[in-house]
Structures are given as C-alpha cells and as structure tokens.
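Colleague: One file is attached below, start_34.cif, containing mmCIF, N, CA and C atoms.
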data_entry
loop_
_atom_site.label_atom_id
_atom_site.label_comp_id
_atom_site.auth_asym_id
_atom_site.auth_seq_id
_atom_site.Cartn_x
_atom_site.Cartn_y
_atom_site.Cartn_z
N MET A 29 41.89 -24.59 42.63
CA MET A 29 42.75 -25.06 41.56
C MET A 29 41.97 -26.07 40.70
N ILE A 30 41.90 -25.77 39.42
CA ILE A 30 41.21 -26.67 38.48
C ILE A 30 42.18 -27.72 37.96
N SER A 31 43.36 -27.28 37.52
CA SER A 31 44.35 -28.21 37.00
C SER A 31 45.76 -27.70 37.29
N ARG A 32 46.72 -28.62 37.17
CA ARG A 32 48.11 -28.28 37.45
C ARG A 32 49.00 -29.10 36.52
N ALA A 33 50.11 -28.51 36.13
CA ALA A 33 51.12 -29.22 35.33
C ALA A 33 52.49 -28.85 35.88
N ILE A 34 53.40 -29.82 35.89
CA ILE A 34 54.74 -29.61 36.43
C ILE A 34 55.76 -30.12 35.43
N ALA A 35 56.79 -29.32 35.19
CA ALA A 35 57.93 -29.76 34.39
C ALA A 35 59.14 -29.75 35.32
N LYS A 36 59.82 -30.88 35.40
CA LYS A 36 60.94 -30.98 36.32
C LYS A 36 62.26 -31.09 35.57
N TYR A 37 63.31 -30.69 36.24
CA TYR A 37 64.69 -30.81 35.76
C TYR A 37 64.93 -30.09 34.44
N ILE A 38 64.36 -28.91 34.28
CA ILE A 38 64.58 -28.10 33.09
C ILE A 38 65.96 -27.45 33.22
N ARG A 39 66.81 -27.57 32.21
CA ARG A 39 68.19 -27.10 32.30
C ARG A 39 68.27 -25.59 32.03
N ILE A 40 67.72 -24.82 32.95
CA ILE A 40 67.81 -23.37 32.90
C ILE A 40 67.72 -22.87 34.33
N SER A 41 68.35 -21.76 34.60
CA SER A 41 68.36 -21.21 35.95
C SER A 41 66.96 -20.77 36.36
N PRO A 42 66.54 -21.07 37.59
CA PRO A 42 65.21 -20.65 38.03
C PRO A 42 65.05 -19.13 38.05
N GLN A 43 66.15 -18.42 38.24
CA GLN A 43 66.10 -16.95 38.25
C GLN A 43 65.69 -16.43 36.87
N LYS A 44 66.17 -17.08 35.81
CA LYS A 44 65.81 -16.67 34.45
C LYS A 44 64.36 -17.02 34.14
N VAL A 45 63.87 -18.11 34.71
CA VAL A 45 62.48 -18.51 34.49
C VAL A 45 61.55 -17.53 35.20
N ARG A 46 61.92 -17.09 36.39
CA ARG A 46 61.06 -16.18 37.17
C ARG A 46 60.86 -14.84 36.47
N GLN A 47 61.83 -14.41 35.66
CA GLN A 47 61.67 -13.17 34.90
C GLN A 47 60.46 -13.24 33.99
N VAL A 48 60.24 -14.41 33.40
CA VAL A 48 59.14 -14.57 32.45
C VAL A 48 57.83 -14.90 33.18
N THR A 49 57.93 -15.61 34.32
CA THR A 49 56.69 -15.96 35.04
C THR A 49 55.96 -14.72 35.54
N ARG A 50 56.71 -13.67 35.83
CA ARG A 50 56.08 -12.43 36.30
C ARG A 50 55.19 -11.81 35.23
N LEU A 51 55.49 -12.08 33.95
CA LEU A 51 54.70 -11.51 32.86
C LEU A 51 53.32 -12.15 32.75
N VAL A 52 53.20 -13.43 33.10
CA VAL A 52 51.95 -14.15 32.86
C VAL A 52 51.15 -14.45 34.13
N GLN A 53 51.67 -14.14 35.28
CA GLN A 53 50.97 -14.40 36.54
C GLN A 53 49.63 -13.68 36.58
N GLY A 54 48.55 -14.43 36.81
CA GLY A 54 47.21 -13.85 36.93
C GLY A 54 46.51 -13.57 35.62
N LYS A 55 47.12 -13.86 34.49
CA LYS A 55 46.52 -13.58 33.19
C LYS A 55 45.63 -14.75 32.74
N ASN A 56 44.79 -14.47 31.76
CA ASN A 56 43.99 -15.49 31.12
C ASN A 56 44.94 -16.47 30.43
N ALA A 57 44.59 -17.75 30.40
CA ALA A 57 45.50 -18.78 29.86
C ALA A 57 45.78 -18.56 28.38
N GLN A 58 44.76 -18.22 27.60
CA GLN A 58 44.96 -18.00 26.17
C GLN A 58 45.80 -16.75 25.91
N ARG A 59 45.55 -15.72 26.69
CA ARG A 59 46.32 -14.47 26.56
C ARG A 59 47.77 -14.70 26.95
N ALA A 60 48.00 -15.52 27.97
CA ALA A 60 49.36 -15.81 28.42
C ALA A 60 50.15 -16.53 27.34
N LEU A 61 49.51 -17.44 26.59
CA LEU A 61 50.20 -18.12 25.50
C LEU A 61 50.62 -17.15 24.41
N VAL A 62 49.78 -16.16 24.14
CA VAL A 62 50.13 -15.14 23.14
C VAL A 62 51.30 -14.30 23.63
N ILE A 63 51.29 -13.94 24.91
CA ILE A 63 52.39 -13.16 25.49
C ILE A 63 53.69 -13.95 25.42
N LEU A 64 53.63 -15.23 25.79
CA LEU A 64 54.83 -16.06 25.79
C LEU A 64 55.39 -16.27 24.38
N ALA A 65 54.51 -16.27 23.37
CA ALA A 65 54.98 -16.43 21.99
C ALA A 65 55.80 -15.22 21.55
N GLY A 66 55.53 -14.07 22.14
CA GLY A 66 56.25 -12.85 21.77
C GLY A 66 57.49 -12.57 22.58
N VAL A 67 57.75 -13.36 23.62
CA VAL A 67 58.91 -13.13 24.47
C VAL A 67 60.10 -13.90 23.90
N ASN A 68 61.22 -13.20 23.75
CA ASN A 68 62.41 -13.79 23.13
C ASN A 68 63.35 -14.33 24.21
N LYS A 69 62.90 -15.34 24.96
CA LYS A 69 63.71 -15.99 25.99
C LYS A 69 63.48 -17.49 25.91
N LYS A 70 64.50 -18.26 26.28
CA LYS A 70 64.39 -19.71 26.25
C LYS A 70 63.33 -20.20 27.23
N SER A 71 63.24 -19.55 28.39
CA SER A 71 62.30 -19.98 29.41
C SER A 71 60.85 -19.78 28.99
N ALA A 72 60.58 -18.86 28.06
CA ALA A 72 59.21 -18.63 27.60
C ALA A 72 58.66 -19.88 26.92
N GLY A 73 59.49 -20.55 26.15
CA GLY A 73 59.06 -21.79 25.50
C GLY A 73 58.77 -22.90 26.50
N CYS A 74 59.59 -22.97 27.56
CA CYS A 74 59.39 -23.99 28.60
C CYS A 74 58.08 -23.74 29.35
N ILE A 75 57.83 -22.48 29.69
CA ILE A 75 56.61 -22.13 30.42
C ILE A 75 55.38 -22.35 29.54
N ALA A 76 55.49 -22.02 28.26
CA ALA A 76 54.36 -22.22 27.34
C ALA A 76 54.01 -23.70 27.23
N LYS A 77 55.02 -24.55 27.20
CA LYS A 77 54.79 -25.99 27.11
C LYS A 77 54.05 -26.51 28.34
N VAL A 78 54.45 -26.03 29.52
CA VAL A 78 53.80 -26.45 30.76
C VAL A 78 52.38 -25.89 30.82
N LEU A 79 52.19 -24.66 30.36
CA LEU A 79 50.87 -24.03 30.37
C LEU A 79 49.91 -24.79 29.44
N LYS A 80 50.40 -25.19 28.27
CA LYS A 80 49.56 -25.97 27.35
C LYS A 80 49.15 -27.31 27.98
N SER A 81 50.07 -27.90 28.73
CA SER A 81 49.77 -29.16 29.41
C SER A 81 48.70 -28.96 30.48
N ALA A 82 48.79 -27.85 31.22
CA ALA A 82 47.81 -27.56 32.26
C ALA A 82 46.43 -27.31 31.65
N VAL A 83 46.38 -26.61 30.52
CA VAL A 83 45.11 -26.36 29.84
C VAL A 83 44.53 -27.69 29.34
N SER A 84 45.39 -28.55 28.82
CA SER A 84 44.94 -29.86 28.36
C SER A 84 44.40 -30.70 29.51
N ASN A 85 45.05 -30.61 30.67
CA ASN A 85 44.55 -31.32 31.85
C ASN A 85 43.19 -30.80 32.27
N ALA A 86 42.98 -29.49 32.15
CA ALA A 86 41.70 -28.90 32.54
C ALA A 86 40.59 -29.31 31.58
N LYS A 87 40.93 -29.52 30.32
CA LYS A 87 39.92 -29.90 29.32
C LYS A 87 39.34 -31.28 29.59
N GLN A 88 40.01 -32.08 30.40
CA GLN A 88 39.51 -33.42 30.72
C GLN A 88 38.19 -33.37 31.48
N LYS A 89 37.97 -32.26 32.20
CA LYS A 89 36.71 -32.09 32.92
C LYS A 89 35.70 -31.42 31.99
N PRO A 90 34.55 -32.04 31.75
CA PRO A 90 33.61 -31.52 30.75
C PRO A 90 32.96 -30.19 31.14
N GLU A 91 32.86 -29.88 32.42
CA GLU A 91 32.18 -28.65 32.82
C GLU A 91 33.07 -27.41 32.73
N ILE A 92 34.34 -27.58 32.38
CA ILE A 92 35.28 -26.47 32.33
C ILE A 92 35.33 -25.89 30.91
N ASN A 93 35.18 -24.57 30.81
CA ASN A 93 35.32 -23.86 29.55
C ASN A 93 36.73 -23.31 29.47
N GLU A 94 37.37 -23.51 28.34
CA GLU A 94 38.78 -23.10 28.18
C GLU A 94 38.95 -21.58 28.29
N GLN A 95 37.92 -20.83 27.92
CA GLN A 95 38.00 -19.37 27.96
C GLN A 95 37.98 -18.81 29.39
N ASP A 96 37.48 -19.60 30.35
CA ASP A 96 37.36 -19.14 31.73
C ASP A 96 38.60 -19.40 32.57
N LEU A 97 39.61 -20.06 31.99
CA LEU A 97 40.79 -20.42 32.77
C LEU A 97 41.76 -19.26 32.86
N TYR A 98 42.32 -19.07 34.05
CA TYR A 98 43.38 -18.10 34.23
C TYR A 98 44.48 -18.72 35.09
N ILE A 99 45.65 -18.15 35.02
CA ILE A 99 46.81 -18.69 35.74
C ILE A 99 46.75 -18.17 37.18
N SER A 100 46.47 -19.07 38.11
CA SER A 100 46.39 -18.66 39.50
C SER A 100 47.76 -18.69 40.17
N LYS A 101 48.64 -19.56 39.68
CA LYS A 101 49.95 -19.70 40.33
C LYS A 101 50.97 -20.22 39.32
N VAL A 102 52.10 -19.54 39.25
CA VAL A 102 53.24 -20.00 38.45
C VAL A 102 54.46 -19.95 39.34
N VAL A 103 55.12 -21.09 39.50
CA VAL A 103 56.27 -21.16 40.40
C VAL A 103 57.45 -21.76 39.65
N ALA A 104 58.61 -21.16 39.85
CA ALA A 104 59.86 -21.72 39.31
C ALA A 104 60.75 -22.04 40.50
N ASP A 105 60.77 -23.30 40.88
CA ASP A 105 61.58 -23.74 42.03
C ASP A 105 62.94 -24.21 41.56
N LYS A 106 63.86 -24.24 42.52
CA LYS A 106 65.21 -24.68 42.24
C LYS A 106 65.27 -26.20 42.23
N GLY A 107 65.96 -26.74 41.24
CA GLY A 107 66.18 -28.18 41.15
C GLY A 107 67.61 -28.50 41.53
N PRO A 108 68.02 -29.74 41.36
CA PRO A 108 69.40 -30.10 41.70
C PRO A 108 70.39 -29.47 40.71
N MET A 109 71.60 -29.20 41.20
CA MET A 109 72.63 -28.59 40.36
C MET A 109 73.63 -29.63 39.90
N LEU A 110 74.03 -29.55 38.65
CA LEU A 110 75.11 -30.37 38.13
C LEU A 110 76.41 -29.62 38.46
N LYS A 111 77.33 -30.28 39.10
CA LYS A 111 78.57 -29.62 39.51
C LYS A 111 79.71 -30.07 38.61
N ARG A 112 80.33 -29.10 37.96
CA ARG A 112 81.45 -29.35 37.06
C ARG A 112 82.62 -28.48 37.51
N PHE A 113 83.82 -28.81 37.03
CA PHE A 113 85.01 -28.04 37.40
C PHE A 113 85.79 -27.66 36.15
N ARG A 114 86.38 -26.48 36.20
CA ARG A 114 87.18 -25.96 35.11
C ARG A 114 88.58 -25.66 35.65
N PRO A 115 89.62 -26.08 34.94
CA PRO A 115 90.97 -25.81 35.43
C PRO A 115 91.30 -24.31 35.39
N ARG A 116 92.02 -23.86 36.39
CA ARG A 116 92.44 -22.46 36.49
C ARG A 116 93.94 -22.40 36.72
N ALA A 117 94.42 -21.21 36.91
CA ALA A 117 95.86 -20.98 37.06
C ALA A 117 96.41 -21.62 38.34
N MET A 118 97.66 -21.97 38.32
CA MET A 118 98.41 -22.52 39.46
C MET A 118 97.79 -23.81 39.99
N GLY A 119 97.24 -24.63 39.11
CA GLY A 119 96.73 -25.93 39.51
C GLY A 119 95.41 -25.91 40.26
N ARG A 120 94.77 -24.78 40.31
CA ARG A 120 93.48 -24.68 41.02
C ARG A 120 92.34 -25.10 40.09
N ALA A 121 91.19 -25.30 40.69
CA ALA A 121 89.98 -25.62 39.92
C ALA A 121 88.87 -24.68 40.33
N ALA A 122 88.12 -24.20 39.35
CA ALA A 122 86.97 -23.33 39.62
C ALA A 122 85.70 -24.14 39.35
N SER A 123 84.74 -24.00 40.23
CA SER A 123 83.51 -24.79 40.08
C SER A 123 82.53 -24.10 39.13
N ILE A 124 81.79 -24.91 38.41
CA ILE A 124 80.71 -24.45 37.55
C ILE A 124 79.45 -25.14 38.02
N LEU A 125 78.43 -24.36 38.35
CA LEU A 125 77.17 -24.92 38.80
C LEU A 125 76.14 -24.79 37.68
N LYS A 126 75.74 -25.92 37.13
CA LYS A 126 74.73 -25.92 36.07
C LYS A 126 73.37 -26.14 36.73
N LYS A 127 72.59 -25.09 36.78
CA LYS A 127 71.35 -25.10 37.55
C LYS A 127 70.19 -25.69 36.76
N THR A 128 69.23 -26.24 37.50
CA THR A 128 68.01 -26.76 36.91
C THR A 128 66.81 -26.14 37.63
N ALA A 129 65.66 -26.22 36.98
CA ALA A 129 64.46 -25.62 37.55
C ALA A 129 63.29 -26.59 37.44
N HIS A 130 62.35 -26.46 38.37
CA HIS A 130 61.07 -27.16 38.33
C HIS A 130 60.00 -26.09 38.13
N ILE A 131 59.24 -26.18 37.06
CA ILE A 131 58.21 -25.18 36.75
C ILE A 131 56.84 -25.78 37.04
N THR A 132 56.04 -25.07 37.84
CA THR A 132 54.69 -25.49 38.18
C THR A 132 53.70 -24.42 37.74
N VAL A 133 52.66 -24.83 37.01
CA VAL A 133 51.60 -23.92 36.59
C VAL A 133 50.28 -24.46 37.10
N GLU A 134 49.53 -23.60 37.82
CA GLU A 134 48.21 -23.98 38.32
C GLU A 134 47.18 -23.07 37.68
N LEU A 135 46.10 -23.67 37.18
CA LEU A 135 45.01 -22.91 36.57
C LEU A 135 43.78 -22.96 37.46
N ASP A 136 43.01 -21.90 37.39
CA ASP A 136 41.76 -21.83 38.13
C ASP A 136 40.69 -21.23 37.25
N LYS A 137 39.45 -21.38 37.66
CA LYS A 137 38.33 -20.84 36.91
C LYS A 137 38.08 -19.40 37.34
N LYS A 138 37.85 -18.53 36.38
CA LYS A 138 37.61 -17.12 36.65
C LYS A 138 36.31 -16.95 37.42
N PRO A 139 36.33 -16.25 38.56
CA PRO A 139 35.07 -16.04 39.30
C PRO A 139 34.15 -15.11 38.54
N ASN A 140 32.86 -15.44 38.53
CA ASN A 140 31.90 -14.62 37.78
C ASN A 140 31.34 -13.50 38.60
#
Output the structure of this file as structure tokens.

Modeller:
Amino acid sequence: MISRAIAKYIRISPQKVRQVTRLVQGKNAQRALVILAGVNKKSAGCIAKVLKSAVSNAKQKPEINEQDLYISKVVADKGPMLKRFRPRAMGRAASILKKTAHITVELDKKPN
C-alpha cells in the first residue's frame, strides 16, 4: 500500500456505494476518475473525492509516479445509523433507518 484515504459518515447506504466500487476496483487511478465522472450516481462523486485525496497523499512521496498508481482496495463499510420514526395507522410508529458509510481507498504501485 502506497497511500490510503478514508471518508467517514457519508450519508448514503453502503450497499449503494458498493455498486460503484465494483466498477473501479483494480483499475488505474486516472482511468478510475474518468469512469467515475461518467457514472450517474451520488456515490460516484463521493468515491471520486476520496480517490483524489488518496492520489494527493501518494504525491507527497517524491519517488512515486502518478501514472503507476492503481486502486488495490476499495471498501465501503457500514457506519452508524440515524434512527427516526414515522407515524402509522392505529397509533403505531414505523422506524426509518438513515444509513451512513465509511469509504476507504488504498492505492498501490503497479508491478513492473
């Protein structure tokens, strides 16, 4: 692992984030940003932001070339849920779970 970036408490379901992470897993970092720009999902923007941060972290090391970076690991973990209630018939209450996600992107150098 060359660099890593984590975004926590993103207000989107981790299941929705995982749909997009499958598209960029194992791809070149620059190519993944192009792919994410073309995906019409809210989670694509969140993942792109974390990926840009990971690339920026990798640039801090002078021996790393930006073209050699690829995504070795993308994880969308479950975060804490906000619990809300909605009134229903006959005095009952139905629960609403507002899910959050933690997105982790790890970059590595392409083996030659």

Colleague: Which residue, A:Arg116, A:Pro42, A:Leu79, A:Lys89, has the smallest gap to Val133 in chain A when you use all atoms listed in the file?

Modeller: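 So, comparing all the options, the nearest one is A:Leu79.
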
Colleague: State, in Å with one decimal place, the distance from atom C of Arg32 in chain A to atom N of Val48 in chain A.

Modeller: 18.8 Å

Colleague: Do a neighbour search on Glu134 in chain A at 7 Å with all atoms listed in the file, toss out local chain neighbours closer than 4 positions, and write the hits as an NGL selection string.

Modeller: :A and (29-33 or 98-103)

Colleague: When distances are computed from all atoms listed in the file, which of A:Leu135, A:Ala86, A:Ala72, A:Val62 shows the smallest separation from Lys44 in chain A?

Modeller: A:Ala72

Colleague: Translate the PyMOL selection byres ((chain A and resi 41) around 8), as applied to the file shown, into an explicit residue set as a ChimeraX atom specification.

Modeller: /A:38-40,42-46,104-107,126-130

Colleague: May I ask which of the residues A:Lys36, A:Arg114, A:Lys80, A:Lys69 is the closest one to Glu94 in chain A, counting only C-alpha atoms?

Modeller: A:Lys80

Colleague: What does the distance between atom C of Asn85 in chain A and CA of Lys55 in chain A come to in Å, to one decimal place?

Modeller: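 Atom-to-atom, atom C of Asn85 in chain A to CA of Lys55 in chain A, that is 17.6 Å.
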
Colleague: Let's see if you can do this: from backbone DSSP, list all strand (DSSP E or B) residues in range 41-134 of chain A, as a PyMOL selection string.

Modeller: chain A and resi 56+97-106+110-115+121-126+129-134

Colleague: Of the candidates A:Ala60, A:Ile124, A:Val83, A:Val67, which one gets nearest to Arg112 in chain A if we count all atoms listed in the file?

Modeller: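 Selected residue with least distance to Arg112 in chain A: A:Ile124.
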
Colleague: CA of Ser123 in chain A and CA of Pro108 in chain A are how many Å apart?

Modeller: 15.2 Å

Colleague: Which of these, A:Val52, A:Ile34, A:Ala57, A:Leu64, has the shortest distance to Asp96 in chain A once you count only C-alpha atoms?

Modeller: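 Closest to Asp96 in chain A of all the choices is A:Ala57.
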
Colleague: Using only N, CA and C atoms, pick whichever of A:Leu97, A:Gly54, A:Ile131, A:Thr49 has the shortest atom-to-atom distance to Tyr37 in chain A.

Modeller: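 Of the candidates, the smallest distance to Tyr37 in chain A is held by A:Ile131.
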